[in-house]
>>> print(open('protein.pdb').read())   # PDB, C-alpha atoms
ATOM      1  CA  MET G 197      17.946  24.356 -26.671
ATOM      2  CA  GLU G 198      18.579  23.412 -23.018
ATOM      3  CA  GLN G 199      16.169  26.121 -21.839
ATOM      4  CA  GLN G 200      13.416  24.702 -24.041
ATOM      5  CA  ARG G 201      13.877  21.258 -22.499
ATOM      6  CA  ARG G 202      13.704  22.718 -19.003
ATOM      7  CA  ARG G 203      10.510  24.609 -19.847
ATOM      8  CA  ARG G 204       8.934  21.452 -21.260
ATOM      9  CA  ARG G 205       9.852  19.509 -18.139
ATOM     10  CA  ARG G 206       8.468  22.220 -15.857
ATOM     11  CA  GLY G 207       5.274  22.513 -17.882
ATOM     12  CA  ALA G 208       4.743  18.793 -18.193
ATOM     13  CA  LYS G 209       1.887  17.387 -16.135
ATOM     14  CA  LYS G 210       3.036  15.291 -13.240
ATOM     15  CA  GLU G 211       1.595  11.816 -12.987
ATOM     16  CA  LYS G 212      -1.071  11.587 -10.353
ATOM     17  CA  LYS G 213       0.384   9.605  -7.487
ATOM     18  CA  GLY G 214      -1.803   7.158  -5.605
ATOM     19  CA  LEU G 215      -2.542   7.139  -1.899
ATOM     20  CA  THR G 216      -0.240   4.161  -1.318
ATOM     21  CA  PRO G 217       3.244   3.188  -2.548
ATOM     22  CA  TYR G 218       1.986   0.073  -4.373
ATOM     23  CA  GLN G 219      -0.433   0.749  -7.239
ATOM     24  CA  GLY G 220      -1.141  -2.787  -8.450
ATOM     25  CA  SER G 221      -4.287  -4.874  -8.092
ATOM     26  CA  LYS G 222      -3.087  -7.549  -5.675
ATOM     27  CA  ARG G 223      -2.738  -7.915  -1.908
ATOM     28  CA  SER G 224       0.594  -7.004  -0.340
ATOM     29  CA  PHE G 225       2.390  -6.620   2.996
ATOM     30  CA  GLY G 226       2.272  -3.111   4.446
ATOM     31  CA  GLU G 227       3.502  -0.952   7.291
ATOM     32  CA  PHE G 228       1.321   1.719   8.880
ATOM     33  CA  ARG G 229       1.840   4.626  11.282
ATOM     34  CA  CYS G 230      -1.072   6.667  12.579
ATOM     35  CA  PRO G 231      -0.331  10.389  12.118
ATOM     36  CA  GLN G 232      -2.402  11.235  15.189
ATOM     37  CA  CYS G 233      -1.265   8.828  17.931
ATOM     38  CA  LYS G 234       1.949   7.585  16.217
ATOM     39  CA  ARG G 235       0.886   3.953  16.749
ATOM     40  CA  GLY G 236       2.481   1.627  14.199
ATOM     41  CA  TRP G 237       1.361  -1.731  12.858
ATOM     42  CA  MET G 238       1.949  -4.168  10.015
ATOM     43  CA  SER G 239      -0.499  -6.125   7.914
ATOM     44  CA  ALA G 240      -0.302  -8.849   5.297
ATOM     45  CA  ASN G 241      -3.608  -7.526   3.954
ATOM     46  CA  THR G 242      -2.898  -4.198   2.254
ATOM     47  CA  TRP G 243      -4.102  -2.964  -1.110
ATOM     48  CA  ALA G 244      -3.432  -0.060  -3.456
ATOM     49  CA  ASN G 245      -5.196   3.118  -2.315
ATOM     50  CA  CYS G 246      -6.864   1.384   0.652
ATOM     51  CA  GLY G 247      -6.163   2.083   4.280
ATOM     52  CA  GLN G 248      -6.840   0.539   7.640
ATOM     53  CA  GLN G 249      -8.458   2.248  10.574
ATOM     54  CA  CYS G 250      -6.307   2.977  13.626
ATOM     55  CA  ASN G 251      -8.000   1.077  16.457
ATOM     56  CA  LYS G 252      -7.057   3.843  18.902
ATOM     57  CA  CYS G 253      -7.964   7.016  16.931
ATOM     58  CA  ASN G 254     -10.571   5.572  14.539
ATOM     59  CA  ILE G 255      -9.076   7.367  11.523
ATOM     60  CA  ASN G 256      -8.207   5.770   8.186
ATOM     61  CA  VAL G 257      -4.432   5.382   7.746
ATOM     62  CA  TYR G 258      -2.695   4.451   4.485
ATOM     63  CA  PRO G 259       0.430   2.258   4.475
ATOM     64  CA  TYR G 260       3.681   4.176   4.042
ATOM     65  CA  LYS G 261       5.490   1.058   2.801
ATOM     66  CA  GLN G 262       4.229  -1.948   0.814
ATOM     67  CA  LEU G 263       6.071  -5.078  -0.316
ATOM     68  CA  PRO G 264       5.104  -8.279  -2.126
ATOM     69  CA  LEU G 265       3.950 -10.833   0.463
ATOM     70  CA  ASN G 266       6.758 -13.243  -0.401
ATOM     71  CA  LYS G 267       9.386 -10.446  -0.204
ATOM     72  CA  ALA G 268       8.464  -9.107   3.245
ATOM     73  CA  GLY G 269      11.373 -11.070   4.703
ATOM     74  CA  GLY G 270      11.780 -10.711   8.457
ATOM     75  CA  LEU G 271       9.296  -7.838   8.571
ATOM     76  CA  ASN G 272       6.310 -10.148   8.269
ATOM     77  CA  LYS G 273       5.746 -11.136  11.864
ATOM     78  CA  SER G 274       2.056 -11.747  11.299
ATOM     79  CA  ASP G 275       0.424 -14.630  13.090
ATOM     80  CA  PRO G 276      -1.595 -16.720  10.571
ATOM     81  CA  SER G 277      -3.887 -17.867  13.396
ATOM     82  CA  LYS G 278      -4.742 -14.245  14.288
ATOM     83  CA  LYS G 279      -8.022 -13.012  12.790
ATOM     84  CA  HIS G 280      -7.814 -10.075  10.357
ATOM     85  CA  PRO G 281      -9.864  -7.151  11.793
ATOM     86  CA  GLN G 282     -12.240  -6.749   8.859
ATOM     87  CA  GLU G 283     -14.140  -3.927  10.553
ATOM     88  CA  LEU G 284     -10.947  -1.800  10.458
ATOM     89  CA  CYS G 285      -9.981  -2.674   6.867
ATOM     90  CA  GLN G 286     -11.151  -0.349   4.088
ATOM     91  CA  LYS G 287     -10.868  -3.128   1.478
ATOM     92  CA  CYS G 288     -12.936  -5.614   3.517
ATOM     93  CA  ARG G 289     -15.582  -2.963   4.157
ATOM     94  CA  SER G 290     -15.809  -2.113   0.441
ATOM     95  CA  LEU G 291     -15.920  -5.781  -0.644
ATOM     96  CA  LYS G 292     -18.254  -6.774   2.217
ATOM     97  CA  TYR G 293     -16.121  -9.902   2.796
ATOM     98  CA  TYR G 294     -12.592 -10.867   3.926
ATOM     99  CA  CYS G 295     -10.055  -9.233   1.582
ATOM    100  CA  GLY G 296      -7.411 -11.912   2.212
ATOM    101  CA  ALA G 297      -9.379 -14.317   0.056
ATOM    102  CA  ARG G 298      -8.188 -12.376  -3.017
ATOM    103  CA  GLU G 299      -4.875 -12.652  -4.916
ATOM    104  CA  TYR G 300      -1.639 -11.283  -3.523
ATOM    105  CA  HIS G 301       1.078  -9.063  -5.002
ATOM    106  CA  GLU G 302       4.077 -10.952  -6.391
ATOM    107  CA  PRO G 303       7.175  -9.290  -7.828
ATOM    108  CA  ALA G 304       7.627  -9.174 -11.600
ATOM    109  CA  ALA G 305       9.146 -12.329 -13.051
ATOM    110  CA  VAL G 306      12.852 -12.267 -13.834
ATOM    111  CA  VAL G 307      13.449 -12.873 -17.545
ATOM    112  CA  ASN G 308      16.915 -13.915 -18.808
ATOM    113  CA  GLY G 309      18.563 -12.866 -15.540
ATOM    114  CA  GLU G 310      17.448  -9.236 -15.913
TER     115      GLU G 310
END
>>> encode(input="protein.pdb", output="C-alpha cells")
Amino acid sequence: MEQQRRRRRRGAKKEKKGLTPYQGSKRSFGEFRCPQCKRGWMSANTWANCGQQCNKCNINVYPYKQLPLNKAGGLNKSDPSKKHPQELCQKCRSLKYYCGAREYHEPAAVVNGE
C-alpha cells in the first residue's frame, strides 16, 4: 500500500512553477540580483513572471523575492520622488505605459482571526 502511494507521488505531474515567487495579478515589492554582475536592487514595481533589465549588463533579471507592497516593512527604501525606469521594466515595455498605475498586491484578508 505504501509503495503504491510513493509510485503515485513520483509519477504525479509537478505543477509548473512561474518565473517569479509571486504568481498573482497585482504589483508587488521585489528584490533582484543580477546573475552576471551580482548587482542587487529593489523595486516597488514588480509583477508575476516579469523581470527588470540590469542597467549594467542589459539582461532581464527576475525577482528572487516578492512581497505585498504594504508588507515590505523596512525593506522598502524606495524614494517616491524617484522616477521608475520604464525602459528597464518588462511590464512597462509590454504595456507601453507606466506599470505603477495598475493595482498592487495585497495579502489575503484575515477571516475570523485565521
>>> resolve_selection(input="protein.pdb", expression="the PyMOL selection byres ((chain G and resi 231) around 12)", output="number ranges by chain")
G: 228-230, 232-236, 249-250, 252-260
>>> closest_residue(input="protein.pdb", among="G:Ser239, G:Asn245, G:Asn251, G:Ser224", to="Asn266 (chain G)", atoms="only C-alpha atoms")
G:Ser224
>>> closest_residue(input="protein.pdb", among="G:Leu215, G:Leu265, G:Cys246, G:Ala240", to="Leu291 (chain G)", atoms="all atoms listed in the file")
G:Cys246
>>> residues_around(input="protein.pdb", residues="region 276-283 of chain G", least_positions_apart="3", cutoff="9 Å", atoms="only C-alpha atoms", output="list of chain:residue names")
G:Ser239, G:Asn241, G:Gln249, G:Gln286, G:Lys287, G:Cys288, G:Arg289, G:Lys292, G:Tyr293, G:Tyr294, G:Cys295, G:Gly296
>>> write_last_selection(input="protein.pdb", atoms="C-alpha atoms", output="compact mmCIF listing (two decimals), keeping the file's coordinate frame")
# COMPACT_ATOMS: atom_id res chain seq x y z
CA SER G 239 -0.50 -6.12 7.91
CA ASN G 241 -3.61 -7.53 3.95
CA GLN G 249 -8.46 2.25 10.57
CA GLN G 286 -11.15 -0.35 4.09
CA LYS G 287 -10.87 -3.13 1.48
CA CYS G 288 -12.94 -5.61 3.52
CA ARG G 289 -15.58 -2.96 4.16
CA LYS G 292 -18.25 -6.77 2.22
CA TYR G 293 -16.12 -9.90 2.80
CA TYR G 294 -12.59 -10.87 3.93
CA CYS G 295 -10.06 -9.23 1.58
CA GLY G 296 -7.41 -11.91 2.21
>>> residues_near_point(input="protein.pdb", point="(2.5, 2.3, -6.0)", cutoff="12 Å", atoms="only C-alpha atoms", output="list in words")
Glu211, Lys212, Lys213, Gly214, Leu215, Thr216, Pro217, Tyr218, Gln219, Gly220, Ser221, Lys222, Ser224, Gly226, Thr242, Trp243, Ala244, Asn245, Cys246, Tyr258, Pro259, Tyr260, Lys261, Gln262, Leu263, Pro264 and His301 of chain G
>>> write_last_selection(input="protein.pdb", atoms="C-alpha atoms", output="JSON list (two decimals), in the coordinates of the input")
[["chain", "number", "residue", "atom", "x", "y", "z"],
["G", 211, "GLU", "CA", 1.60, 11.82, -12.99],
["G", 212, "LYS", "CA", -1.07, 11.59, -10.35],
["G", 213, "LYS", "CA", 0.38, 9.60, -7.49],
["G", 214, "GLY", "CA", -1.80, 7.16, -5.60],
["G", 215, "LEU", "CA", -2.54, 7.14, -1.90],
["G", 216, "THR", "CA", -0.24, 4.16, -1.32],
["G", 217, "PRO", "CA", 3.24, 3.19, -2.55],
["G", 218, "TYR", "CA", 1.99, 0.07, -4.37],
["G", 219, "GLN", "CA", -0.43, 0.75, -7.24],
["G", 220, "GLY", "CA", -1.14, -2.79, -8.45],
["G", 221, "SER", "CA", -4.29, -4.87, -8.09],
["G", 222, "LYS", "CA", -3.09, -7.55, -5.68],
["G", 224, "SER", "CA", 0.59, -7.00, -0.34],
["G", 226, "GLY", "CA", 2.27, -3.11, 4.45],
["G", 242, "THR", "CA", -2.90, -4.20, 2.25],
["G", 243, "TRP", "CA", -4.10, -2.96, -1.11],
["G", 244, "ALA", "CA", -3.43, -0.06, -3.46],
["G", 245, "ASN", "CA", -5.20, 3.12, -2.32],
["G", 246, "CYS", "CA", -6.86, 1.38, 0.65],
["G", 258, "TYR", "CA", -2.70, 4.45, 4.49],
["G", 259, "PRO", "CA", 0.43, 2.26, 4.47],
["G", 260, "TYR", "CA", 3.68, 4.18, 4.04],
["G", 261, "LYS", "CA", 5.49, 1.06, 2.80],
["G", 262, "GLN", "CA", 4.23, -1.95, 0.81],
["G", 263, "LEU", "CA", 6.07, -5.08, -0.32],
["G", 264, "PRO", "CA", 5.10, -8.28, -2.13],
["G", 301, "HIS", "CA", 1.08, -9.06, -5.00]]
>>> axis_aligned_box(input="protein.pdb", around="region 219-229 of chain G", padding_each_side="6 Å", output="JSON")
{"center_x": -0.4, "center_y": -1.6, "center_z": 1.4, "size_x": 19.8, "size_y": 24.5, "size_z": 31.7}
